[in-house]
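File shown here: query26.tsv, holding TSV, C-alpha atoms.
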chain	number	residue	atom	x	y	z
A	1	MET	CA	-21.19	12.74	16.28
A	2	SER	CA	-18.77	10.74	18.37
A	3	GLY	CA	-16.84	8.12	16.43
A	4	LEU	CA	-17.91	5.66	19.11
A	5	LEU	CA	-21.45	5.89	17.80
A	6	THR	CA	-20.43	5.03	14.23
A	7	SER	CA	-20.56	1.38	13.23
A	8	ILE	CA	-17.46	-0.19	11.69
A	9	ALA	CA	-16.31	-3.61	10.51
A	10	ILE	CA	-12.76	-4.95	10.40
A	11	GLU	CA	-11.74	-7.87	8.20
A	12	ARG	CA	-8.26	-9.37	8.49
A	13	PRO	CA	-6.47	-12.46	7.19
A	14	ALA	CA	-7.64	-15.63	8.90
A	15	GLU	CA	-4.14	-16.06	10.29
A	16	ILE	CA	-1.24	-13.63	10.69
A	17	LYS	CA	2.24	-14.78	11.65
A	18	PHE	CA	4.69	-12.03	12.59
A	19	GLY	CA	8.35	-12.38	13.47
A	20	PRO	CA	11.90	-12.85	12.18
A	21	GLY	CA	12.65	-16.11	10.43
A	22	LEU	CA	9.04	-17.14	9.81
A	23	ALA	CA	9.18	-17.32	5.99
A	24	PRO	CA	9.26	-21.17	5.96
A	25	GLU	CA	5.85	-21.12	7.66
A	26	VAL	CA	4.44	-20.49	4.18
A	27	GLY	CA	5.49	-23.94	3.03
A	28	ALA	CA	4.31	-25.56	6.25
A	29	PHE	CA	0.89	-23.96	5.85
A	30	ALA	CA	0.66	-25.03	2.21
A	31	ARG	CA	1.47	-28.65	3.10
A	32	ALA	CA	-1.01	-28.67	5.96
A	33	ARG	CA	-3.73	-27.53	3.55
A	34	GLY	CA	-2.74	-30.11	0.95
A	35	TYR	CA	-1.65	-27.59	-1.70
A	36	VAL	CA	0.64	-29.07	-4.35
A	37	ARG	CA	0.63	-26.51	-7.20
A	38	PRO	CA	1.76	-23.15	-5.83
A	39	LEU	CA	1.96	-20.03	-7.97
A	40	VAL	CA	4.29	-17.34	-6.63
A	41	VAL	CA	3.69	-13.76	-7.77
A	42	SER	CA	6.84	-11.70	-7.37
A	43	ASP	CA	9.24	-9.09	-8.69
A	44	PRO	CA	12.54	-10.14	-10.31
A	45	PHE	CA	14.59	-9.88	-7.10
A	46	ASN	CA	12.28	-11.90	-4.89
A	47	ALA	CA	11.67	-14.42	-7.65
A	48	GLY	CA	15.30	-15.38	-7.13
A	49	ARG	CA	14.77	-16.39	-3.50
A	50	VAL	CA	11.48	-18.26	-3.58
A	51	GLU	CA	13.20	-21.21	-1.89
A	52	VAL	CA	13.08	-19.37	1.47
A	53	LEU	CA	9.33	-20.06	1.54
A	54	GLY	CA	9.86	-23.82	1.61
A	55	LEU	CA	6.99	-24.49	-0.78
A	56	PRO	CA	5.91	-27.98	-1.80
A	57	GLY	CA	6.15	-29.31	-5.33
A	58	ASN	CA	7.65	-27.32	-8.19
A	59	PRO	CA	6.20	-23.81	-7.80
A	60	ALA	CA	5.27	-21.79	-10.86
A	61	VAL	CA	6.85	-18.35	-10.50
A	62	PHE	CA	5.64	-15.16	-12.13
A	63	GLY	CA	8.68	-12.98	-11.48
A	64	THR	CA	8.02	-9.91	-13.61
A	65	VAL	CA	5.70	-7.80	-11.48
A	66	ARG	CA	6.24	-4.14	-12.31
A	67	PRO	CA	6.54	-1.41	-9.66
A	68	GLU	CA	3.26	0.12	-10.91
A	69	PRO	CA	1.50	-2.93	-12.41
A	70	ASP	CA	-0.83	-2.35	-15.33
A	71	ILE	CA	-3.41	-4.45	-17.15
A	72	PRO	CA	-0.86	-6.04	-19.54
A	73	ASN	CA	1.21	-7.09	-16.52
A	74	LEU	CA	-1.90	-8.62	-14.97
A	75	ASP	CA	-2.84	-10.33	-18.24
A	76	ALA	CA	0.58	-11.98	-18.41
A	77	LEU	CA	0.11	-13.29	-14.88
A	78	LEU	CA	-3.37	-14.61	-15.65
A	79	ALA	CA	-1.99	-16.42	-18.69
A	80	LEU	CA	0.54	-18.21	-16.46
A	81	ALA	CA	-2.21	-19.02	-13.97
A	82	LYS	CA	-4.29	-20.56	-16.75
A	83	GLU	CA	-1.34	-22.66	-17.85
A	84	SER	CA	-0.15	-23.79	-14.40
A	85	GLU	CA	-3.60	-24.28	-12.80
A	86	PRO	CA	-2.44	-23.47	-9.24
A	87	ASP	CA	-4.31	-24.44	-6.10
A	88	VAL	CA	-2.70	-21.67	-4.04
A	89	VAL	CA	-1.35	-18.23	-4.95
A	90	ILE	CA	1.44	-16.60	-2.94
A	91	GLY	CA	2.14	-12.88	-3.16
A	92	PHE	CA	5.86	-12.49	-2.40
A	93	GLY	CA	7.15	-8.93	-2.65
A	94	GLY	CA	5.90	-5.40	-2.17
A	95	GLY	CA	2.38	-4.11	-2.59
A	96	SER	CA	2.39	-4.56	-6.36
A	97	ALA	CA	3.12	-8.29	-6.10
A	98	MET	CA	0.56	-8.79	-3.36
A	99	ASP	CA	-2.11	-6.82	-5.25
A	100	LEU	CA	-1.62	-8.91	-8.39
A	101	ALA	CA	-1.64	-12.10	-6.30
A	102	LYS	CA	-5.09	-11.18	-5.02
A	103	LEU	CA	-6.39	-10.81	-8.55
A	104	ALA	CA	-4.70	-14.03	-9.68
A	105	ALA	CA	-6.50	-15.83	-6.87
A	106	VAL	CA	-9.98	-14.67	-7.88
A	107	LEU	CA	-10.08	-14.03	-11.65
A	108	PRO	CA	-8.96	-17.31	-13.33
A	109	ARG	CA	-11.89	-19.46	-14.39
A	110	SER	CA	-14.31	-16.97	-12.81
A	111	GLY	CA	-15.79	-15.61	-16.03
A	112	GLN	CA	-14.93	-12.12	-14.79
A	113	SER	CA	-12.41	-9.66	-16.21
A	114	ILE	CA	-10.58	-6.94	-14.34
A	115	HIS	CA	-13.13	-4.39	-15.59
A	116	ASP	CA	-15.99	-6.50	-14.22
A	117	VAL	CA	-14.67	-6.35	-10.66
A	118	VAL	CA	-13.58	-2.70	-10.33
A	119	GLY	CA	-15.27	-1.17	-7.28
A	120	PRO	CA	-16.49	-2.63	-4.00
A	121	GLU	CA	-17.55	-6.28	-3.62
A	122	LYS	CA	-18.00	-7.25	-7.27
A	123	VAL	CA	-15.75	-10.33	-7.15
A	124	ALA	CA	-17.85	-13.49	-7.49
A	125	GLY	CA	-15.73	-15.66	-5.18
A	126	ARG	CA	-12.42	-17.49	-4.74
A	127	ARG	CA	-11.57	-21.15	-5.18
A	128	LEU	CA	-7.81	-20.91	-4.67
A	129	GLY	CA	-5.79	-20.49	-1.50
A	130	LEU	CA	-4.12	-17.11	-0.95
A	131	ILE	CA	-1.01	-16.40	1.09
A	132	GLN	CA	0.69	-13.01	1.34
A	133	VAL	CA	4.35	-12.44	2.27
A	134	PRO	CA	5.56	-8.81	2.25
A	135	THR	CA	9.21	-8.10	1.55
A	136	THR	CA	8.98	-4.33	2.04
A	137	SER	CA	7.46	-2.31	4.86
A	138	GLY	CA	5.04	0.12	3.31
A	139	THR	CA	1.79	-0.95	1.71
A	140	GLY	CA	0.29	-3.29	4.30
A	141	SER	CA	-1.37	-5.04	1.35
A	142	GLU	CA	-0.92	-8.38	3.11
A	143	ALA	CA	-3.66	-7.39	5.56
A	144	GLY	CA	-6.18	-5.89	3.16
A	145	THR	CA	-8.90	-6.54	0.62
A	146	ARG	CA	-7.91	-4.07	-2.10
A	147	ALA	CA	-5.88	-4.36	-5.30
A	148	LEU	CA	-4.83	-1.54	-7.63
A	149	VAL	CA	-3.92	-1.88	-11.31
A	150	THR	CA	-3.24	0.90	-13.81
A	151	ASP	CA	-5.32	1.07	-16.99
A	152	PRO	CA	-2.92	2.25	-19.73
A	153	ALA	CA	-5.83	3.54	-21.81
A	154	THR	CA	-6.82	6.11	-19.20
A	155	GLN	CA	-3.63	6.29	-17.10
A	156	ASN	CA	-5.84	5.87	-14.03
A	157	LYS	CA	-5.73	3.27	-11.30
A	158	LEU	CA	-8.48	0.66	-11.16
A	159	ALA	CA	-9.35	-0.18	-7.57
A	160	VAL	CA	-10.83	-3.57	-6.72
A	161	GLN	CA	-12.11	-4.24	-3.22
A	162	SER	CA	-13.45	-7.60	-2.12
A	163	ARG	CA	-13.53	-9.73	1.01
A	164	HIS	CA	-12.70	-12.66	-1.28
A	165	MET	CA	-9.21	-11.15	-1.72
A	166	LEU	CA	-8.39	-11.39	1.98
A	167	ALA	CA	-5.49	-13.77	2.55
A	168	ASP	CA	-5.87	-17.11	4.30
A	169	LEU	CA	-2.43	-16.47	5.79
A	170	ALA	CA	-0.14	-13.45	6.03
A	171	VAL	CA	3.45	-14.14	7.03
A	172	VAL	CA	5.27	-10.96	8.05
A	173	ASP	CA	8.95	-11.84	8.41
A	174	PRO	CA	10.96	-8.63	8.96
A	175	ASP	CA	14.19	-10.41	8.01
A	176	LEU	CA	12.94	-10.47	4.41
A	177	THR	CA	13.30	-6.67	4.39
A	178	LEU	CA	16.96	-6.59	5.47
A	179	THR	CA	18.10	-6.39	1.84
A	180	VAL	CA	15.86	-3.43	0.93
A	181	PRO	CA	18.13	-0.50	-0.08
A	182	PRO	CA	17.99	2.79	1.84
A	183	ALA	CA	16.06	4.77	-0.78
A	184	VAL	CA	13.33	2.14	-1.04
A	185	THR	CA	13.26	1.73	2.73
A	186	ALA	CA	12.70	5.47	3.10
A	187	ALA	CA	9.96	5.75	0.48
A	188	THR	CA	8.02	2.67	1.56
A	189	GLY	CA	8.31	3.69	5.20
A	190	VAL	CA	6.73	7.07	4.46
A	191	ASP	CA	3.99	5.22	2.56
A	192	ALA	CA	3.19	3.33	5.77
A	193	MET	CA	3.22	6.66	7.62
A	194	ALA	CA	0.83	8.10	5.03
A	195	HIS	CA	-1.60	5.18	5.36
A	196	CYS	CA	-1.74	5.62	9.11
A	197	THR	CA	-1.85	9.42	9.04
A	198	GLU	CA	-4.57	9.63	6.40
A	199	ALA	CA	-6.73	7.11	8.24
A	200	TYR	CA	-6.10	8.91	11.54
A	201	THR	CA	-7.17	12.29	10.14
A	202	SER	CA	-9.94	11.04	7.82
A	203	ARG	CA	-13.57	12.10	8.03
A	204	LYS	CA	-14.20	8.39	8.55
A	205	ALA	CA	-11.67	8.10	11.38
A	206	HIS	CA	-12.80	5.76	14.13
A	207	PRO	CA	-11.42	5.07	17.64
A	208	LEU	CA	-11.13	1.38	16.77
A	209	ILE	CA	-8.72	2.25	13.94
A	210	ASP	CA	-7.07	5.26	15.60
A	211	LEU	CA	-5.38	2.80	17.95
A	212	TYR	CA	-3.49	1.18	15.06
A	213	ALA	CA	-3.02	4.39	13.10
A	214	LEU	CA	-1.36	6.34	15.90
A	215	GLU	CA	0.89	3.47	16.92
A	216	GLY	CA	1.88	2.96	13.27
A	217	ILE	CA	2.77	6.65	13.02
A	218	ARG	CA	4.89	6.41	16.15
A	219	LEU	CA	6.64	3.26	14.96
A	220	VAL	CA	7.62	4.87	11.64
A	221	GLY	CA	8.85	8.00	13.40
A	222	ARG	CA	10.96	5.91	15.79
A	223	TYR	CA	12.35	3.26	13.45
A	224	LEU	CA	12.45	4.56	9.88
A	225	PRO	CA	15.54	6.79	10.32
A	226	ARG	CA	17.31	3.89	12.00
A	227	ALA	CA	16.50	1.44	9.19
A	228	VAL	CA	17.66	3.92	6.55
A	229	ARG	CA	20.96	4.44	8.38
A	230	ASP	CA	21.52	0.74	9.00
A	231	GLY	CA	19.56	-1.73	6.88
A	232	GLY	CA	20.75	-4.58	9.10
A	233	ASP	CA	19.09	-3.16	12.22
A	234	GLN	CA	16.69	-6.03	12.93
A	235	GLU	CA	14.72	-4.19	15.60
A	236	ALA	CA	14.14	-1.22	13.29
A	237	ARG	CA	13.09	-3.54	10.46
A	238	ALA	CA	10.62	-5.31	12.77
A	239	GLY	CA	9.22	-1.98	13.94
A	240	LEU	CA	8.61	-0.87	10.36
A	241	ALA	CA	7.07	-4.21	9.41
A	242	LEU	CA	4.61	-3.81	12.27
A	243	ALA	CA	3.85	-0.22	11.26
A	244	SER	CA	3.15	-1.36	7.71
A	245	LEU	CA	0.83	-4.09	8.97
A	246	TYR	CA	-1.03	-1.58	11.13
A	247	GLY	CA	-1.34	0.68	8.09
A	248	GLY	CA	-2.95	-2.22	6.26
A	249	PHE	CA	-5.46	-2.59	9.10
A	250	CYS	CA	-6.37	1.07	8.56
A	251	LEU	CA	-7.07	0.72	4.85
A	252	GLY	CA	-10.08	-1.57	4.92
A	253	PRO	CA	-12.59	0.16	7.19
A	254	VAL	CA	-11.30	3.76	6.86
A	255	ASN	CA	-8.94	3.99	3.83
A	256	THR	CA	-6.75	6.86	2.70
A	257	THR	CA	-7.62	10.44	1.75
A	258	ALA	CA	-6.19	13.27	-0.35
A	259	GLY	CA	-2.57	12.23	0.10
A	260	HIS	CA	-3.04	9.11	-1.97
A	261	ALA	CA	-5.40	10.73	-4.46
A	262	VAL	CA	-2.84	13.43	-5.20
A	263	ALA	CA	0.02	10.89	-5.29
A	264	TYR	CA	-1.61	8.51	-7.77
A	265	PRO	CA	-1.01	10.59	-10.95
A	266	LEU	CA	2.71	10.60	-10.12
A	267	GLY	CA	2.67	6.84	-10.53
A	268	THR	CA	0.27	6.48	-13.44
A	269	ARG	CA	1.66	9.35	-15.53
A	270	HIS	CA	5.31	9.46	-14.48
A	271	HIS	CA	5.91	5.92	-13.20
A	272	ILE	CA	7.20	7.17	-9.87
A	273	PRO	CA	7.05	4.23	-7.44
A	274	HIS	CA	4.02	4.45	-5.18
A	275	GLY	CA	5.92	4.82	-1.92
A	276	LEU	CA	8.07	7.63	-3.27
A	277	ALA	CA	5.01	9.37	-4.74
A	278	CYS	CA	3.30	9.30	-1.34
A	279	ALA	CA	6.44	10.62	0.34
A	280	LEU	CA	6.68	13.57	-2.06
A	281	ILE	CA	3.08	14.55	-1.37
A	282	PHE	CA	2.84	13.70	2.33
A	283	PRO	CA	4.11	17.02	3.82
A	284	HIS	CA	1.83	19.08	1.59
A	285	THR	CA	-1.42	17.26	2.36
A	286	LEU	CA	-0.54	17.06	6.06
A	287	ALA	CA	-0.13	20.85	6.08
A	288	PHE	CA	-3.27	21.45	4.00
A	289	ASN	CA	-5.38	19.46	6.46
A	290	ALA	CA	-3.75	20.76	9.64
A	291	SER	CA	-6.34	23.45	10.33
A	292	SER	CA	-9.17	20.90	10.23
A	293	VAL	CA	-7.49	18.33	12.50
A	294	PRO	CA	-5.02	20.34	14.61
A	295	GLU	CA	-4.79	17.97	17.57
A	296	LYS	CA	-4.20	14.88	15.45
A	297	THR	CA	-1.71	16.77	13.26
A	298	GLY	CA	0.16	17.62	16.45
A	299	HIS	CA	0.38	13.92	17.32
A	300	VAL	CA	1.87	13.21	13.89
A	301	LEU	CA	4.43	16.01	14.21
A	302	GLU	CA	5.39	14.76	17.67
A	303	ALA	CA	6.14	11.34	16.18
A	304	LEU	CA	8.23	12.99	13.46
A	305	GLY	CA	10.42	14.79	15.96
A	306	GLY	CA	8.39	17.76	17.13
A	307	GLY	CA	7.76	21.27	15.84
A	308	SER	CA	4.57	23.13	15.05
A	309	ASP	CA	4.85	23.72	11.31
A	310	ALA	CA	3.32	20.73	9.54
A	311	LEU	CA	4.85	21.40	6.13
A	312	GLU	CA	8.37	22.03	7.34
A	313	GLY	CA	8.28	19.33	10.00
A	314	ALA	CA	7.13	16.59	7.63
A	315	ARG	CA	9.38	17.77	4.81
A	316	ALA	CA	12.42	17.84	7.10
A	317	PHE	CA	11.66	14.31	8.28
A	318	CYS	CA	11.43	13.01	4.71
A	319	ALA	CA	14.46	14.95	3.47
A	320	GLY	CA	16.42	13.62	6.43
A	321	LEU	CA	15.83	10.15	5.03
A	322	GLY	CA	17.63	11.14	1.84
A	323	ILE	CA	14.52	11.77	-0.28
A	324	ASP	CA	14.76	14.62	-2.79
A	325	MET	CA	11.38	16.23	-2.13
A	326	ARG	CA	11.07	18.16	-5.41
A	327	LEU	CA	8.70	16.71	-7.99
A	328	SER	CA	10.91	18.17	-10.72
A	329	ALA	CA	13.81	16.03	-9.53
A	330	HIS	CA	11.73	12.97	-10.40
A	331	GLY	CA	10.80	14.00	-13.93
A	332	VAL	CA	7.56	15.91	-13.31
A	333	LYS	CA	7.17	18.99	-15.50
A	334	ASP	CA	5.10	22.08	-14.90
A	335	SER	CA	3.27	21.51	-18.19
A	336	ASP	CA	1.71	18.30	-16.83
A	337	LEU	CA	0.42	19.70	-13.54
A	338	ASP	CA	-2.98	20.76	-14.93
A	339	THR	CA	-3.75	17.28	-16.22
A	340	MET	CA	-2.50	15.70	-13.00
A	341	ALA	CA	-4.74	17.97	-10.95
A	342	THR	CA	-7.75	16.99	-13.04
A	343	ASP	CA	-6.92	13.29	-12.65
A	344	ALA	CA	-6.41	13.57	-8.90
A	345	HIS	CA	-9.57	15.60	-8.34
A	346	ALA	CA	-11.61	12.86	-9.99
A	347	ILE	CA	-10.60	10.29	-7.36
A	348	ARG	CA	-13.67	10.96	-5.22
A	349	ARG	CA	-13.50	7.63	-3.33
A	350	LEU	CA	-10.48	9.11	-1.51
A	351	LEU	CA	-10.97	12.87	-1.67
A	352	ASP	CA	-14.41	12.59	-0.12
A	353	ASN	CA	-12.72	11.14	2.98
A	354	ASN	CA	-10.41	14.11	3.38
A	355	PRO	CA	-11.00	16.19	6.54
A	356	ARG	CA	-10.91	19.41	4.49
A	357	ASP	CA	-12.50	19.93	1.09
A	358	MET	CA	-9.82	20.04	-1.61
A	359	SER	CA	-10.69	21.66	-4.94
A	360	ARG	CA	-8.94	21.08	-8.23
A	361	ASP	CA	-7.27	24.48	-7.81
A	362	ASP	CA	-6.07	23.44	-4.35
A	363	ILE	CA	-4.50	20.31	-5.84
A	364	LEU	CA	-2.86	22.34	-8.61
A	365	ALA	CA	-1.42	24.75	-6.04
A	366	LEU	CA	-0.15	21.81	-4.01
A	367	TYR	CA	1.63	20.34	-7.05
A	368	ARG	CA	3.20	23.69	-7.83
A	369	ALA	CA	4.43	24.04	-4.26
A	370	ALA	CA	5.93	20.58	-4.45
A	371	LEU	CA	7.53	21.06	-7.88
How would this structure read if it were set down as structure tokens?
Amino acid sequence: MSGLLTSIAIERPAEIKFGPGLAPEVGAFARARGYVRPLVVSDPFNAGRVEVLGLPGNPAVFGTVRPEPDIPNLDALLALAKESEPDVVIGFGGGSAMDLAKLAAVLPRSGQSIHDVVGPEKVAGRRLGLIQVPTTSGTGSEAGTRALVTDPATQNKLAVQSRHMLADLAVVDPDLTLTVPPAVTAATGVDAMAHCTEAYTSRKAHPLIDLYALEGIRLVGRYLPRAVRDGGDQEARAGLALASLYGGFCLGPVNTTAGHAVAYPLGTRHHIPHGLACALIFPHTLAFNASSVPEKTGHVLEALGGGSDALEGARAFCAGLGIDMRLSAHGVKDSDLDTMATDAHAIRRLLDNNPRDMSRDDILALYRAAL
């Protein structure tokens, strides 16, 4: 069936502002809406520069978001939200900060716990304002309706999806990413590439989303090496910020596939940052799927610099960014691969989107090849 005959719905923030120097628009928006008790959800670095947002009043700041946030991290945030009683929540950081901000905007005083809202459209509603401000170029969480939190009891990610977690305003200021170090720039940039590539090659791929996915892929291919070489390259930073935003557009109606399913256990079991986990897996899933989507894989390889071998082409691109592409170099041991394969194979919400069926044995072989 042609994708044109498949129905699709796109939901985006009510307002998106994109461009260098726009961070103070957050404060202007808050004042225009009459917000006086902001709560900023951030990591330690960005918590130290909240003033760039120009917020009204005396903002409460939760500045201890972890790279792979878990339920205790969320609980600490919700405790601060209960104490400070905010009228607007601002996610200010990478995907982890923005994901927790979404949950902090919908859970307090709702009568719902994190376990009550896992899955699609189980959130009862939202009474607080929500603003998202990314400071990395990777997740695209500012544009989406999903939040992920790790459950320490199971070492699995809990995925919450709700239209109530869509931001009222997303401010994408590429200048906020100028301080991101090369290694983080590389890993988060490949995460944006993975979002776009997985959506582009998904069984649920749609022409309406392909437009954003392919352009996001091309933007990462063009600008990521430049940003890694020179973090002060404003044009490269803007190109990556746009690619990340486009990747976020892809996540709602299409979502990711095997790449993210196979990457998740690297974060939950080994605490490898999400962007880096996706980068380590990206060449292997691209190559695995190539036979099922040869034309689209060719478009991806063209954006990465050409060549016909998906595994080597993608791996060379990532290695050229300074990423050590061996799982073993990041603390993963052969003895854990079986458990990781079982965990990854259980993530059906993503694997069922993959263009080629991937068995548990396929995943195990992939991990071993990447080790």
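For the set A:Arg49, A:His284, A:Arg203, A:Arg226, the residue with the smallest atom-to-atom gap to A:Met325 is A:His284, counting all atoms listed in the file.
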Subject >> Among the residues A:Val254, A:Leu364, A:Val171, A:Ala101, the one that comes closest to A:Leu208 [using only C-alpha atoms] >> reply: A:Val254
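With distances restricted to all atoms listed in the file, A:Pro134 is the closest residue to A:Phe18 from A:Gly95, A:Pro134, A:Gly307, A:Gly129.
Counting all atoms listed in the file, A:Thr185 has the following residues at most 10 Å away, ignoring those fewer than 4 positions along the same chain: Thr136, Ser137, Gly138, Thr177, Leu178, Thr179, Val180, Pro181, Gly189, Val190, Asp191, Leu224, Pro225, Ala227, Val228, Arg229, Gly231, Arg237, Leu240, Gly275, Leu276 and Leu321 of chain A.
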So that I have them on file, write out the residues from the current selection with C-alpha atoms, as a PDB file, in the coordinates of the input.
ATOM      1  CA  THR A 136       8.980  -4.330   2.040  1.00  0.00           C
ATOM      2  CA  SER A 137       7.460  -2.310   4.860  1.00  0.00           C
ATOM      3  CA  GLY A 138       5.040   0.120   3.310  1.00  0.00           C
ATOM      4  CA  THR A 177      13.300  -6.670   4.390  1.00  0.00           C
ATOM      5  CA  LEU A 178      16.960  -6.590   5.470  1.00  0.00           C
ATOM      6  CA  THR A 179      18.100  -6.390   1.840  1.00  0.00           C
ATOM      7  CA  VAL A 180      15.860  -3.430   0.930  1.00  0.00           C
ATOM      8  CA  PRO A 181      18.130  -0.500  -0.080  1.00  0.00           C
ATOM      9  CA  GLY A 189       8.310   3.690   5.200  1.00  0.00           C
ATOM     10  CA  VAL A 190       6.730   7.070   4.460  1.00  0.00           C
ATOM     11  CA  ASP A 191       3.990   5.220   2.560  1.00  0.00           C
ATOM     12  CA  LEU A 224      12.450   4.560   9.880  1.00  0.00           C
ATOM     13  CA  PRO A 225      15.540   6.790  10.320  1.00  0.00           C
ATOM     14  CA  ALA A 227      16.500   1.440   9.190  1.00  0.00           C
ATOM     15  CA  VAL A 228      17.660   3.920   6.550  1.00  0.00           C
ATOM     16  CA  ARG A 229      20.960   4.440   8.380  1.00  0.00           C
ATOM     17  CA  GLY A 231      19.560  -1.730   6.880  1.00  0.00           C
ATOM     18  CA  ARG A 237      13.090  -3.540  10.460  1.00  0.00           C
ATOM     19  CA  LEU A 240       8.610  -0.870  10.360  1.00  0.00           C
ATOM     20  CA  GLY A 275       5.920   4.820  -1.920  1.00  0.00           C
ATOM     21  CA  LEU A 276       8.070   7.630  -3.270  1.00  0.00           C
ATOM     22  CA  LEU A 321      15.830  10.150   5.030  1.00  0.00           C
TER      23      LEU A 321
END
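Distance annotation: of A:Ala170, A:Ile10, A:Cys318, A:Ala369, the residue with the minimal separation from A:His206 is A:Ile10; atom set is all atoms listed in the file.
Of the listed residues A:Lys17, A:Arg31, A:His270, A:Lys122, the one whose atoms come nearest to A:Met165 is A:Lys122, with distances taken using all atoms listed in the file.
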Residues of stretch 210-295 of chain A at most 6 Å from stretch 327-348 of chain A: nearest atom pair and distance in Å, only C-alpha atoms, as CSV:
residue,atom,partner,partner_atom,distance
A:Ala261,CA,A:Ala344,CA,5.4
A:Val262,CA,A:Ala344,CA,5.1
A:Pro265,CA,A:Met340,CA,5.7
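Closest approach to A:Ala124 among A:Leu351, A:Met193, A:Leu74, A:Ala105: A:Ala105, based on only C-alpha atoms.
Near A:Gly140, within 10 Å and counting only C-alpha atoms, sit A:Gly94, A:Gly95, A:Met98, A:Pro134, A:Thr136, A:Ser137, A:Ala143, A:Gly144, A:Val172, A:Asp191, A:Ala192, A:His195, A:Ala241, A:Leu242, A:Ala243, A:Ser244, A:Leu245, A:Tyr246, A:Gly247, A:Gly248, A:Phe249, A:Cys250, A:Leu251; same-chain residues fewer than 3 positions away were not included.
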Original post:
Any idea what's packed within 6 Å of stretch 147-156 of chain A, counting all atoms listed in the file, ignoring anything in its chain fewer than 6 positions away? Could you give it as a PyMOL selection string?
Top reply: chain A and resi 69-71+99+268
Output the selection as a short mmCIF file (atom, residue, chain, number, x, y, z; two decimals), in the coordinates of the input - C-alpha atoms for each residue.
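Once everything was written out, this is result_28.cif:
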data_model
loop_
_atom_site.label_atom_id
_atom_site.label_comp_id
_atom_site.auth_asym_id
_atom_site.auth_seq_id
_atom_site.Cartn_x
_atom_site.Cartn_y
_atom_site.Cartn_z
CA PRO A 69 1.50 -2.93 -12.41
CA ASP A 70 -0.83 -2.35 -15.33
CA ILE A 71 -3.41 -4.45 -17.15
CA ASP A 99 -2.11 -6.82 -5.25
CA THR A 268 0.27 6.48 -13.44
#
**OP:** Compile the contact shell of A:Ala238 as JSON, numbers by chain: residues with an atom at most 8 Å away, counting only C-alpha atoms, same-chain residues fewer than 2 positions apart removed.
**Re:** {"A": [19, 20, 174, 175, 234, 235, 236, 240, 241, 242]}
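Counting from atom CA of A:Leu100, the distance to atom CA of A:Asn73 is 8.8 Å.
Atom CA of A:Ala167 to atom CA of A:Glu121 spans 15.5 Å [interatomic distance, one decimal].
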**OP:** May I have the protein, DNA and RNA residues with an atom at most 12 Å from (10.5, -13.4, -5.1), counting only C-alpha atoms in the file's coordinates, returned as a VMD selection string?
**Re:** chain A and resid 23 39 to 53 59 to 65 90 to 94 97 to 98 132 to 136 176 to 177
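In this structure, atom CA of A:Glu15 sits 22.1 Å away from atom CA of A:Val160.
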Original post:
Which neighbours of A:Thr201 fall inside 7 Å, counting all atoms listed in the file, when residues of the same chain fewer than 2 positions from it are skipped, and could you give them as a ChimeraX atom specification?
Top reply: /A:197-199,203,205,293,296,355
Atom completion result for stretch 35-42 of chain A (N, CA, C and O atoms) as a PDB file, keeping the file's coordinate frame:
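See part-v5.pdb below for the written result:
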ATOM      1  N   TYR A  35      -1.930 -28.259  -0.426  1.00  0.00           N
ATOM      2  CA  TYR A  35      -1.650 -27.590  -1.700  1.00  0.00           C
ATOM      3  C   TYR A  35      -0.406 -28.214  -2.339  1.00  0.00           C
ATOM      4  O   TYR A  35       0.600 -28.465  -1.669  1.00  0.00           O
ATOM      5  N   VAL A  36      -0.478 -28.444  -3.653  1.00  0.00           N
ATOM      6  CA  VAL A  36       0.640 -29.070  -4.350  1.00  0.00           C
ATOM      7  C   VAL A  36       1.063 -28.296  -5.598  1.00  0.00           C
ATOM      8  O   VAL A  36       2.083 -28.620  -6.207  1.00  0.00           O
ATOM      9  N   ARG A  37       0.300 -27.269  -5.992  1.00  0.00           N
ATOM     10  CA  ARG A  37       0.630 -26.510  -7.200  1.00  0.00           C
ATOM     11  C   ARG A  37       0.654 -25.004  -6.878  1.00  0.00           C
ATOM     12  O   ARG A  37      -0.249 -24.263  -7.254  1.00  0.00           O
ATOM     13  N   PRO A  38       1.698 -24.567  -6.198  1.00  0.00           N
ATOM     14  CA  PRO A  38       1.760 -23.150  -5.830  1.00  0.00           C
ATOM     15  C   PRO A  38       2.122 -22.267  -7.033  1.00  0.00           C
ATOM     16  O   PRO A  38       2.877 -22.668  -7.912  1.00  0.00           O
ATOM     17  N   LEU A  39       1.567 -21.080  -7.033  1.00  0.00           N
ATOM     18  CA  LEU A  39       1.960 -20.030  -7.970  1.00  0.00           C
ATOM     19  C   LEU A  39       2.446 -18.844  -7.162  1.00  0.00           C
ATOM     20  O   LEU A  39       1.696 -18.276  -6.362  1.00  0.00           O
ATOM     21  N   VAL A  40       3.707 -18.473  -7.346  1.00  0.00           N
ATOM     22  CA  VAL A  40       4.290 -17.340  -6.630  1.00  0.00           C
ATOM     23  C   VAL A  40       4.276 -16.123  -7.539  1.00  0.00           C
ATOM     24  O   VAL A  40       4.722 -16.187  -8.689  1.00  0.00           O
ATOM     25  N   VAL A  41       3.766 -15.021  -7.025  1.00  0.00           N
ATOM     26  CA  VAL A  41       3.690 -13.760  -7.770  1.00  0.00           C
ATOM     27  C   VAL A  41       4.711 -12.818  -7.156  1.00  0.00           C
ATOM     28  O   VAL A  41       4.611 -12.473  -5.966  1.00  0.00           O
ATOM     29  N   SER A  42       5.700 -12.399  -7.958  1.00  0.00           N
ATOM     30  CA  SER A  42       6.840 -11.700  -7.370  1.00  0.00           C
ATOM     31  C   SER A  42       7.490 -10.762  -8.372  1.00  0.00           C
ATOM     32  O   SER A  42       7.197 -10.781  -9.569  1.00  0.00           O
TER      33      SER A  42
END
